[in-house]
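A.B. asks: If it helps, the file is called coords.txt and holds compact mmCIF, C-alpha atoms:
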# COMPACT_ATOMS: atom_id res chain seq x y z
CA MET A 24 0.00 0.00 0.00
CA LYS A 25 2.72 2.41 -1.03
CA ASP A 26 0.74 4.58 -3.48
CA ARG A 27 -1.13 6.92 -1.14
CA ARG A 28 -2.73 9.53 -3.39
CA GLN A 29 -6.55 9.50 -3.53
CA ASP A 30 -9.29 11.45 -5.34
CA ARG A 31 -7.39 11.27 -8.58
CA PRO A 32 -8.59 12.32 -12.02
CA GLN A 33 -10.96 9.99 -13.79
CA GLY A 34 -8.13 8.29 -15.61
CA ILE A 35 -7.83 6.99 -19.14
CA ALA A 36 -10.28 4.30 -20.22
CA ARG A 37 -9.66 2.20 -23.32
CA SER A 38 -12.44 1.44 -25.77
CA THR A 39 -11.27 -2.18 -25.95
CA ASN A 40 -9.97 -4.73 -23.50
CA ARG A 41 -9.65 -8.50 -23.20
CA VAL A 42 -12.38 -9.24 -20.67
CA GLY A 43 -15.49 -8.38 -22.68
CA ARG A 44 -16.81 -5.76 -20.26
CA ALA A 45 -17.10 -2.06 -21.03
CA SER A 46 -14.06 -0.37 -19.49
CA ASP A 47 -16.04 2.57 -18.08
CA TRP A 48 -18.44 0.18 -16.36
CA LEU A 49 -15.65 -2.06 -15.11
CA GLY A 50 -14.02 0.94 -13.46
CA SER A 51 -17.23 2.17 -11.84
CA ALA A 52 -18.59 1.85 -8.32
CA ALA A 53 -21.74 0.38 -9.88
CA PHE A 54 -19.75 -2.60 -11.19
CA ASN A 55 -18.22 -3.17 -7.77
CA GLU A 56 -21.65 -3.24 -6.17
CA ALA A 57 -23.05 -5.72 -8.73
CA PRO A 58 -19.94 -7.45 -10.11
CA GLN A 59 -19.83 -9.88 -13.00
CA PRO A 60 -17.22 -12.62 -13.56
CA LEU A 61 -14.07 -11.51 -15.34
CA HIS A 62 -12.00 -13.77 -17.58
CA ILE A 63 -9.22 -12.85 -19.96
CA TRP A 64 -10.11 -14.17 -23.38
CA GLY A 65 -8.50 -17.44 -24.40
CA ILE A 66 -6.36 -18.06 -21.33
CA CYS A 67 -8.30 -20.97 -19.84
CA GLU A 68 -8.95 -22.45 -23.29
CA THR A 69 -5.27 -22.44 -24.28
CA ASN A 70 -4.07 -23.78 -20.92
CA ARG A 71 -6.49 -26.66 -20.39
CA SER A 72 -3.75 -28.92 -19.03
CA LEU A 73 -3.09 -26.45 -16.20
CA PHE A 74 -6.69 -26.35 -15.07
CA ALA A 75 -7.05 -30.11 -15.43
CA MET A 76 -4.06 -30.47 -13.10
CA LEU A 77 -5.46 -27.90 -10.67
CA ALA A 78 -8.75 -29.78 -10.52
CA ARG A 79 -6.91 -32.64 -8.80
CA ALA A 80 -5.57 -30.41 -6.00
CA ARG A 81 -6.92 -31.17 -2.53
CA ASP A 82 -6.32 -27.71 -1.07
CA LEU A 83 -4.97 -24.27 -1.93
CA PRO A 84 -1.31 -24.94 -0.99
CA GLU A 85 -1.28 -27.99 -3.27
CA ALA A 86 -2.87 -25.97 -6.07
CA GLY A 87 -0.30 -23.20 -5.57
CA GLU A 88 2.56 -25.66 -5.90
CA ALA A 89 1.01 -27.09 -9.07
CA PHE A 90 0.60 -23.61 -10.53
CA LEU A 91 4.22 -22.66 -9.81
CA GLY A 92 5.40 -25.94 -11.32
CA TYR A 93 3.44 -25.23 -14.48
CA MET A 94 4.80 -21.68 -14.75
CA THR A 95 8.35 -22.91 -14.22
CA ALA A 96 7.97 -25.47 -17.00
CA VAL A 97 6.24 -23.19 -19.51
CA PHE A 98 8.23 -19.99 -18.95
CA GLY A 99 11.54 -21.36 -17.74
CA ILE A 100 11.37 -19.43 -14.49
CA ASP A 101 14.46 -19.87 -12.36
CA PRO A 102 13.52 -21.95 -9.28
CA GLU A 103 15.45 -19.40 -7.19
CA GLN A 104 12.72 -16.87 -7.96
CA ARG A 105 10.25 -18.95 -6.01
CA GLU A 106 11.91 -17.62 -2.86
CA GLU A 107 11.73 -13.87 -3.22
CA ALA A 108 14.28 -13.35 -0.46
CA SER A 109 17.08 -15.09 -2.37
CA GLY A 110 18.51 -11.74 -3.48
CA ARG A 111 19.62 -13.18 -6.82
CA ARG A 112 18.98 -11.32 -10.03
CA PRO A 113 16.44 -13.25 -12.15
CA PHE A 114 17.83 -14.46 -15.43
CA ARG A 115 14.39 -14.26 -17.02
CA SER A 116 11.52 -11.95 -16.20
CA SER A 117 8.80 -13.50 -14.08
CA PHE A 118 5.53 -12.53 -12.46
CA LEU A 119 7.12 -13.31 -9.09
CA SER A 120 9.78 -10.64 -9.51
CA LEU A 121 7.12 -8.12 -10.56
CA ILE A 122 5.03 -8.79 -7.48
CA GLN A 123 8.10 -8.58 -5.28
CA GLY A 124 8.98 -5.23 -6.86
CA TRP A 125 5.44 -3.98 -6.31
CA SER A 126 5.60 -4.91 -2.64
CA PHE A 127 8.69 -2.68 -2.27
CA ASP A 128 7.44 0.25 -4.36
CA SER A 129 4.26 0.32 -6.45
CA ASN A 130 5.68 3.31 -8.33
CA GLY A 131 8.83 1.51 -9.41
CA PRO A 132 9.47 -0.07 -12.83
CA GLU A 133 7.75 -3.32 -11.82
CA GLY A 134 4.70 -1.32 -10.81
CA ALA A 135 4.62 0.31 -14.23
CA VAL A 136 4.62 -3.10 -15.94
CA LEU A 137 1.76 -4.32 -13.73
CA LYS A 138 -0.26 -1.14 -14.35
CA GLY A 139 0.42 -1.55 -18.06
CA TRP A 140 -0.94 -5.08 -17.96
CA VAL A 141 -4.14 -3.83 -16.30
CA GLU A 142 -4.42 -1.14 -18.96
CA SER A 143 -4.06 -3.73 -21.72
CA ARG A 144 -6.31 -6.44 -20.31
CA PHE A 145 -9.00 -4.45 -18.47
CA GLY A 146 -8.95 -1.14 -20.34
CA LEU A 147 -8.23 0.96 -17.25
CA GLY A 148 -5.32 3.36 -17.54
CA PRO A 149 -3.32 4.45 -14.50
CA THR A 150 -4.10 7.70 -12.75
CA PHE A 151 -0.83 7.81 -10.86
CA HIS A 152 2.74 6.63 -11.39
CA LYS A 153 5.18 8.69 -9.36
CA VAL A 154 2.99 11.71 -10.23
CA VAL A 155 -0.63 12.23 -11.29
CA ILE A 156 -1.36 11.12 -14.87
CA GLU A 157 -4.16 13.18 -16.38
CA ARG A 158 -3.79 12.60 -20.11
CA GLU A 159 -1.88 10.65 -22.75
CA ALA A 160 0.70 13.36 -23.23
CA GLY A 161 3.32 15.13 -21.25
CA THR A 162 6.18 13.92 -19.15
CA ALA A 163 4.10 11.90 -16.63
CA TRP A 164 2.54 9.69 -19.30
CA HIS A 165 5.73 9.25 -21.29
CA ALA A 166 7.74 8.32 -18.20
CA TYR A 167 5.13 5.69 -17.31
CA VAL A 168 5.11 4.25 -20.85
CA GLU A 169 8.89 4.07 -20.94
CA GLU A 170 8.96 2.07 -17.72
CA LYS A 171 6.07 -0.24 -18.54
CA MET A 172 7.65 -1.23 -21.87
CA ALA A 173 11.22 -1.66 -20.57
CA SER A 174 12.82 -4.53 -22.48
CA ARG A 175 14.23 -6.18 -19.35
CA PHE A 176 10.69 -7.06 -18.25
CA HIS A 177 9.38 -8.22 -21.62
CA ASP A 178 11.79 -10.98 -22.57
CA ASN A 179 9.60 -13.82 -21.34
CA SER A 180 5.94 -13.20 -22.28
CA ILE A 181 5.44 -11.37 -19.01
CA TRP A 182 1.88 -10.26 -19.71
CA SER A 183 0.93 -13.85 -20.56
CA GLN A 184 2.36 -14.86 -17.19
CA LEU A 185 0.18 -12.24 -15.52
CA ASP A 186 -2.86 -13.46 -17.49
CA LEU A 187 -2.32 -16.93 -16.03
CA LEU A 188 -1.80 -15.53 -12.53
CA PHE A 189 -5.13 -13.71 -12.73
CA GLU A 190 -6.99 -16.76 -14.00
CA PHE A 191 -5.40 -18.97 -11.35
CA CYS A 192 -6.34 -16.43 -8.69
CA GLN A 193 -9.94 -16.41 -9.86
CA TRP A 194 -10.02 -20.22 -9.96
CA ALA A 195 -8.58 -20.40 -6.43
CA VAL A 196 -11.12 -17.86 -5.12
CA ARG A 197 -14.02 -19.96 -6.39
CA ARG A 198 -12.60 -23.37 -5.51
CA PHE A 199 -10.86 -22.96 -2.18
CA ALA A 200 -10.53 -19.45 -0.77
CA TRP A 201 -14.06 -17.95 -0.70
CA PRO A 202 -16.47 -20.21 -2.59
CA GLY A 203 -19.94 -18.73 -2.93
CA ARG A 204 -18.91 -15.24 -1.87
CA SER A 205 -18.88 -12.12 -4.03
CA HIS A 206 -17.01 -9.55 -1.88
CA LEU A 207 -14.42 -9.15 0.85
CA THR A 208 -14.15 -6.31 3.34
CA LEU A 209 -10.66 -4.88 2.89
CA TYR A 210 -8.78 -1.85 4.20
CA ARG A 211 -6.44 0.73 2.74
CA GLY A 212 -4.45 3.50 4.38
CA ALA A 213 -4.66 6.93 2.73
CA ASN A 214 -3.57 10.52 3.14
CA ASP A 215 -5.03 13.80 1.86
CA ILE A 216 -8.64 12.67 2.34
CA ALA A 217 -11.16 15.43 2.98
CA ASP A 218 -13.01 15.33 6.29
CA ARG A 219 -15.87 13.00 5.44
CA ARG A 220 -17.11 9.60 6.51
CA ALA A 221 -18.23 8.07 3.21
CA SER A 222 -17.28 8.72 -0.37
CA VAL A 223 -16.63 7.32 -3.82
CA VAL A 224 -12.90 7.60 -4.48
CA ARG A 225 -11.01 6.97 -7.69
CA LEU A 226 -8.16 4.57 -6.98
CA ASN A 227 -5.33 3.77 -9.34
CA ASN A 228 -5.90 1.05 -11.93
CA LEU A 229 -4.06 -1.40 -9.67
CA VAL A 230 -4.00 -0.98 -5.90
CA SER A 231 -3.16 -2.81 -2.69
CA PHE A 232 -5.55 -3.46 0.16
CA SER A 233 -5.06 -5.37 3.40
CA SER A 234 -7.37 -7.76 5.18
CA GLU A 235 -6.05 -6.36 8.48
CA ARG A 236 -7.20 -2.92 9.60
CA SER A 237 -4.20 -2.61 11.92
CA VAL A 238 -1.89 -2.95 8.90
CA ALA A 239 -3.75 -0.27 6.94
CA ASP A 240 -3.28 2.08 9.92
CA CYS A 241 0.42 2.22 9.09
CA PHE A 242 -0.09 3.68 5.61
CA GLY A 243 -2.01 6.88 6.18
CA ASP A 244 -3.97 9.11 8.50
CA ALA A 245 -7.27 7.77 7.18
CA ILE A 246 -8.53 4.23 6.75
CA LEU A 247 -10.64 3.39 3.71
CA THR A 248 -12.93 0.41 4.15
CA ALA A 249 -14.27 -1.10 0.94
CA GLU A 250 -16.33 -4.07 -0.16
CA VAL A 251 -14.00 -5.39 -2.84
CA PRO A 252 -15.46 -7.73 -5.47
CA LEU A 253 -13.60 -11.01 -5.61
CA CYS A 254 -13.61 -10.89 -9.41
CA LYS A 255 -11.13 -7.99 -9.19
CA LEU A 256 -8.48 -9.88 -7.22
CA VAL A 257 -5.19 -10.43 -9.04
CA CYS A 258 -3.21 -11.95 -6.17
CA PHE A 259 -3.56 -12.26 -2.40
CA SER A 260 -1.68 -13.39 0.66
CA GLY A 261 -1.70 -17.19 0.73
CA LEU A 262 -2.42 -17.72 -2.96
CA LEU A 263 1.12 -18.96 -3.62
CA PRO A 264 3.46 -21.03 -1.43
CA SER A 265 5.83 -18.13 -0.81
CA ARG A 266 6.20 -15.20 1.58
CA LEU A 267 4.86 -12.69 -0.95
CA PHE A 268 2.27 -10.36 0.60
CA ARG A 269 2.11 -12.28 3.87
CA THR A 270 3.57 -9.59 6.15
CA GLU A 271 0.94 -7.00 5.28
CA ARG A 272 -1.85 -9.49 4.48
CA GLU A 273 -1.92 -7.79 1.11
CA PHE A 274 -4.44 -8.10 -1.71
CA LEU A 275 -3.59 -6.89 -5.23
CA VAL A 276 -6.79 -5.50 -6.73
CA ILE A 277 -8.01 -3.99 -10.02
CA GLY A 278 -8.85 -0.38 -9.23
CA GLY A 279 -11.30 2.27 -10.41
CA ASP A 280 -14.08 3.96 -8.44
CA TYR A 281 -14.76 2.46 -5.00
CA ARG A 282 -17.45 3.39 -2.53
CA VAL A 283 -15.67 3.52 0.82
CA SER A 284 -16.24 4.46 4.40
CA VAL A 285 -13.54 6.70 5.87
CA ASP A 286 -12.22 6.57 9.43
CA TYR A 287 -9.47 8.77 10.79
CA VAL A 288 -6.56 7.51 12.85
Take the structure from the file and write it as structure tokens.
C.D. replies:
Amino acid sequence: MKDRRQDRPQGIARSTNRVGRASDWLGSAAFNEAPQPLHIWGICETNRSLFAMLARARDLPEAGEAFLGYMTAVFGIDPEQREEASGRRPFRSSFLSLIQGWSFDSNGPEGAVLKGWVESRFGLGPTFHKVVIEREAGTAWHAYVEEKMASRFHDNSIWSQLDLLFEFCQWAVRRFAWPGRSHLTLYRGANDIADRRASVVRLNNLVSFSSERSVADCFGDAILTAEVPLCKLVCFSGLLPSRLFRTEREFLVIGGDYRVSVDYV
């Protein structure tokens, strides 16, 4: 939860995406209140062997191991990357290194790649990357584009890796984590929030929440409480058999407009 700016401009919405939902609607509070399933076109169909293997898993940890094994085989991910604390430089780009980078700084180069993936797949452009992004021009936009397209992150079908991560996350939500549920109550620390108790706020196209209110307290002088639709989860603490996101009980979530309640620390 490093990106603390709230009440941003409306952001840049694409006319097309790869989930078959209108981008403006997908980014609206109305969608969050009555969410619909989200699937990236063609990913499940072209990776049937993965989901057949996952269907045999007895629990989420077993499914997470199977998923990492599949990603290692398909994308040649260095096994050392499975332990994010190894400190070794990855020899090939991987979704694990992106998520690790995000956890350190959501406005770093890895954050730009992740925001670029959301822009491509869900049609929601970022509203903030180091500075406010208001339009597709100027230094803010160009700096973001330069980082999101950096060649060192795109040597190993990185967006395809993220597509599979999202689909695995959605599968795990339905199968093991929260079957039958549509929303989770999550928390986010924020600064520069006007004195009010409820509001619709525009969050960046990709944001972090925590399932622990006490963790969110550490990231701002106000606590935003939101009912987050499960169909917008990209990754969460416990999805994978690694330490990623566990310290802050973090949830990586597709952003847009969220109706929140606001409490002040």
A.B. asks: Would you tabulate, counting all atoms listed in the file, all residues of range 29-86 of chain A that have an atom at most 9 Å from an atom of range 250-255 of chain A, showing the closest pair of atoms and their distance in Å to one decimal, sorted by chain then ascending number, as JSON lines?
C.D. replies:
{"residue": "A:Phe54", "atom": "CA", "partner": "A:Pro252", "partner_atom": "CA", "distance": 8.8}
{"residue": "A:Asn55", "atom": "CA", "partner": "A:Pro252", "partner_atom": "CA", "distance": 5.8}
{"residue": "A:Glu56", "atom": "CA", "partner": "A:Pro252", "partner_atom": "CA", "distance": 7.7}
{"residue": "A:Ala57", "atom": "CA", "partner": "A:Pro252", "partner_atom": "CA", "distance": 8.5}
{"residue": "A:Pro58", "atom": "CA", "partner": "A:Pro252", "partner_atom": "CA", "distance": 6.5}
{"residue": "A:Gln59", "atom": "CA", "partner": "A:Cys254", "partner_atom": "CA", "distance": 7.3}
{"residue": "A:Pro60", "atom": "CA", "partner": "A:Cys254", "partner_atom": "CA", "distance": 5.8}
{"residue": "A:Leu61", "atom": "CA", "partner": "A:Cys254", "partner_atom": "CA", "distance": 6.0}
{"residue": "A:His62", "atom": "CA", "partner": "A:Cys254", "partner_atom": "CA", "distance": 8.8}
A.B. asks: Give me the residues within 6 Å of range 275-285 of chain A as a PyMOL selection string, counting only C-alpha atoms and dropping any in the same chain fewer than 3 places off.
C.D. replies: chain A and resi 50-52+220-231+246-249+255-258
A.B. asks: Between A:Ala78, A:Ala135, A:Leu121, A:Ala45, which residue has the minimum interatomic distance to Glu170 in chain A, considering only C-alpha atoms?
C.D. replies: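 Selected residue with least distance to Glu170 in chain A: A:Ala135.
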A.B. asks: Can you pull out the residues contacting Trp64 in chain A? Cut-off 9 Å, using only C-alpha atoms, and skip same-chain residues under 2 positions away; I want them as a PyMOL selection string.
C.D. replies: chain A and resi 41-43+62+66-68
A.B. asks: Could you check which of A:Phe118, A:Arg211, A:Arg272, A:Ser233 is closest to Tyr287 in chain A, using only C-alpha atoms?
C.D. replies: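 Smallest separation from Tyr287 in chain A among the options: A:Arg211.
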A.B. asks: Output requested as a tab-separated table (two decimals), in the frame of the given file - range 176-195 of chain A, filled out with N, CA, C and O atoms.
C.D. replies:
chain	number	residue	atom	x	y	z
A	176	PHE	N	11.84	-6.37	-18.82
A	176	PHE	CA	10.69	-7.06	-18.25
A	176	PHE	C	9.89	-7.83	-19.30
A	176	PHE	O	8.96	-8.55	-18.97
A	177	HIS	N	10.21	-7.64	-20.57
A	177	HIS	CA	9.38	-8.22	-21.62
A	177	HIS	C	10.12	-9.25	-22.46
A	177	HIS	O	9.84	-9.43	-23.64
A	178	ASP	N	11.05	-9.96	-21.83
A	178	ASP	CA	11.79	-10.98	-22.57
A	178	ASP	C	11.22	-12.38	-22.38
A	178	ASP	O	11.78	-13.36	-22.84
A	179	ASN	N	10.10	-12.48	-21.69
A	179	ASN	CA	9.60	-13.82	-21.34
A	179	ASN	C	8.08	-13.84	-21.25
A	179	ASN	O	7.51	-14.42	-20.34
A	180	SER	N	7.41	-13.20	-22.23
A	180	SER	CA	5.94	-13.20	-22.28
A	180	SER	C	5.33	-12.81	-20.94
A	180	SER	O	4.44	-13.49	-20.43
A	181	ILE	N	5.81	-11.69	-20.39
A	181	ILE	CA	5.44	-11.37	-19.01
A	181	ILE	C	3.95	-11.12	-18.86
A	181	ILE	O	3.35	-11.49	-17.85
A	182	TRP	N	3.31	-10.50	-19.85
A	182	TRP	CA	1.88	-10.26	-19.71
A	182	TRP	C	1.09	-11.57	-19.78
A	182	TRP	O	0.06	-11.71	-19.12
A	183	SER	N	1.58	-12.53	-20.54
A	183	SER	CA	0.93	-13.85	-20.56
A	183	SER	C	1.06	-14.52	-19.19
A	183	SER	O	0.14	-15.21	-18.73
A	184	GLN	N	2.21	-14.34	-18.55
A	184	GLN	CA	2.36	-14.86	-17.19
A	184	GLN	C	1.33	-14.24	-16.26
A	184	GLN	O	0.71	-14.93	-15.43
A	185	LEU	N	1.14	-12.92	-16.38
A	185	LEU	CA	0.18	-12.24	-15.52
A	185	LEU	C	-1.25	-12.66	-15.84
A	185	LEU	O	-2.10	-12.76	-14.94
A	186	ASP	N	-1.54	-12.93	-17.12
A	186	ASP	CA	-2.86	-13.46	-17.49
A	186	ASP	C	-3.13	-14.75	-16.73
A	186	ASP	O	-4.23	-14.96	-16.19
A	187	LEU	N	-2.14	-15.64	-16.71
A	187	LEU	CA	-2.32	-16.93	-16.03
A	187	LEU	C	-2.44	-16.74	-14.52
A	187	LEU	O	-3.22	-17.45	-13.87
A	188	LEU	N	-1.67	-15.81	-13.97
A	188	LEU	CA	-1.80	-15.53	-12.53
A	188	LEU	C	-3.22	-15.09	-12.20
A	188	LEU	O	-3.81	-15.57	-11.22
A	189	PHE	N	-3.77	-14.19	-12.99
A	189	PHE	CA	-5.13	-13.71	-12.73
A	189	PHE	C	-6.14	-14.85	-12.82
A	189	PHE	O	-7.00	-15.00	-11.94
A	190	GLU	N	-6.03	-15.67	-13.86
A	190	GLU	CA	-6.99	-16.76	-14.00
A	190	GLU	C	-6.83	-17.81	-12.90
A	190	GLU	O	-7.82	-18.36	-12.41
A	191	PHE	N	-5.59	-18.06	-12.48
A	191	PHE	CA	-5.40	-18.97	-11.35
A	191	PHE	C	-5.99	-18.39	-10.08
A	191	PHE	O	-6.64	-19.09	-9.29
A	192	CYS	N	-5.78	-17.08	-9.86
A	192	CYS	CA	-6.34	-16.43	-8.69
A	192	CYS	C	-7.86	-16.57	-8.67
A	192	CYS	O	-8.45	-16.92	-7.64
A	193	GLN	N	-8.49	-16.31	-9.80
A	193	GLN	CA	-9.94	-16.41	-9.86
A	193	GLN	C	-10.42	-17.85	-9.64
A	193	GLN	O	-11.43	-18.09	-8.97
A	194	TRP	N	-9.69	-18.80	-10.19
A	194	TRP	CA	-10.02	-20.22	-9.96
A	194	TRP	C	-9.90	-20.54	-8.47
A	194	TRP	O	-10.78	-21.20	-7.89
A	195	ALA	N	-8.81	-20.10	-7.84
A	195	ALA	CA	-8.58	-20.40	-6.43
A	195	ALA	C	-9.63	-19.76	-5.53
A	195	ALA	O	-10.06	-20.34	-4.53
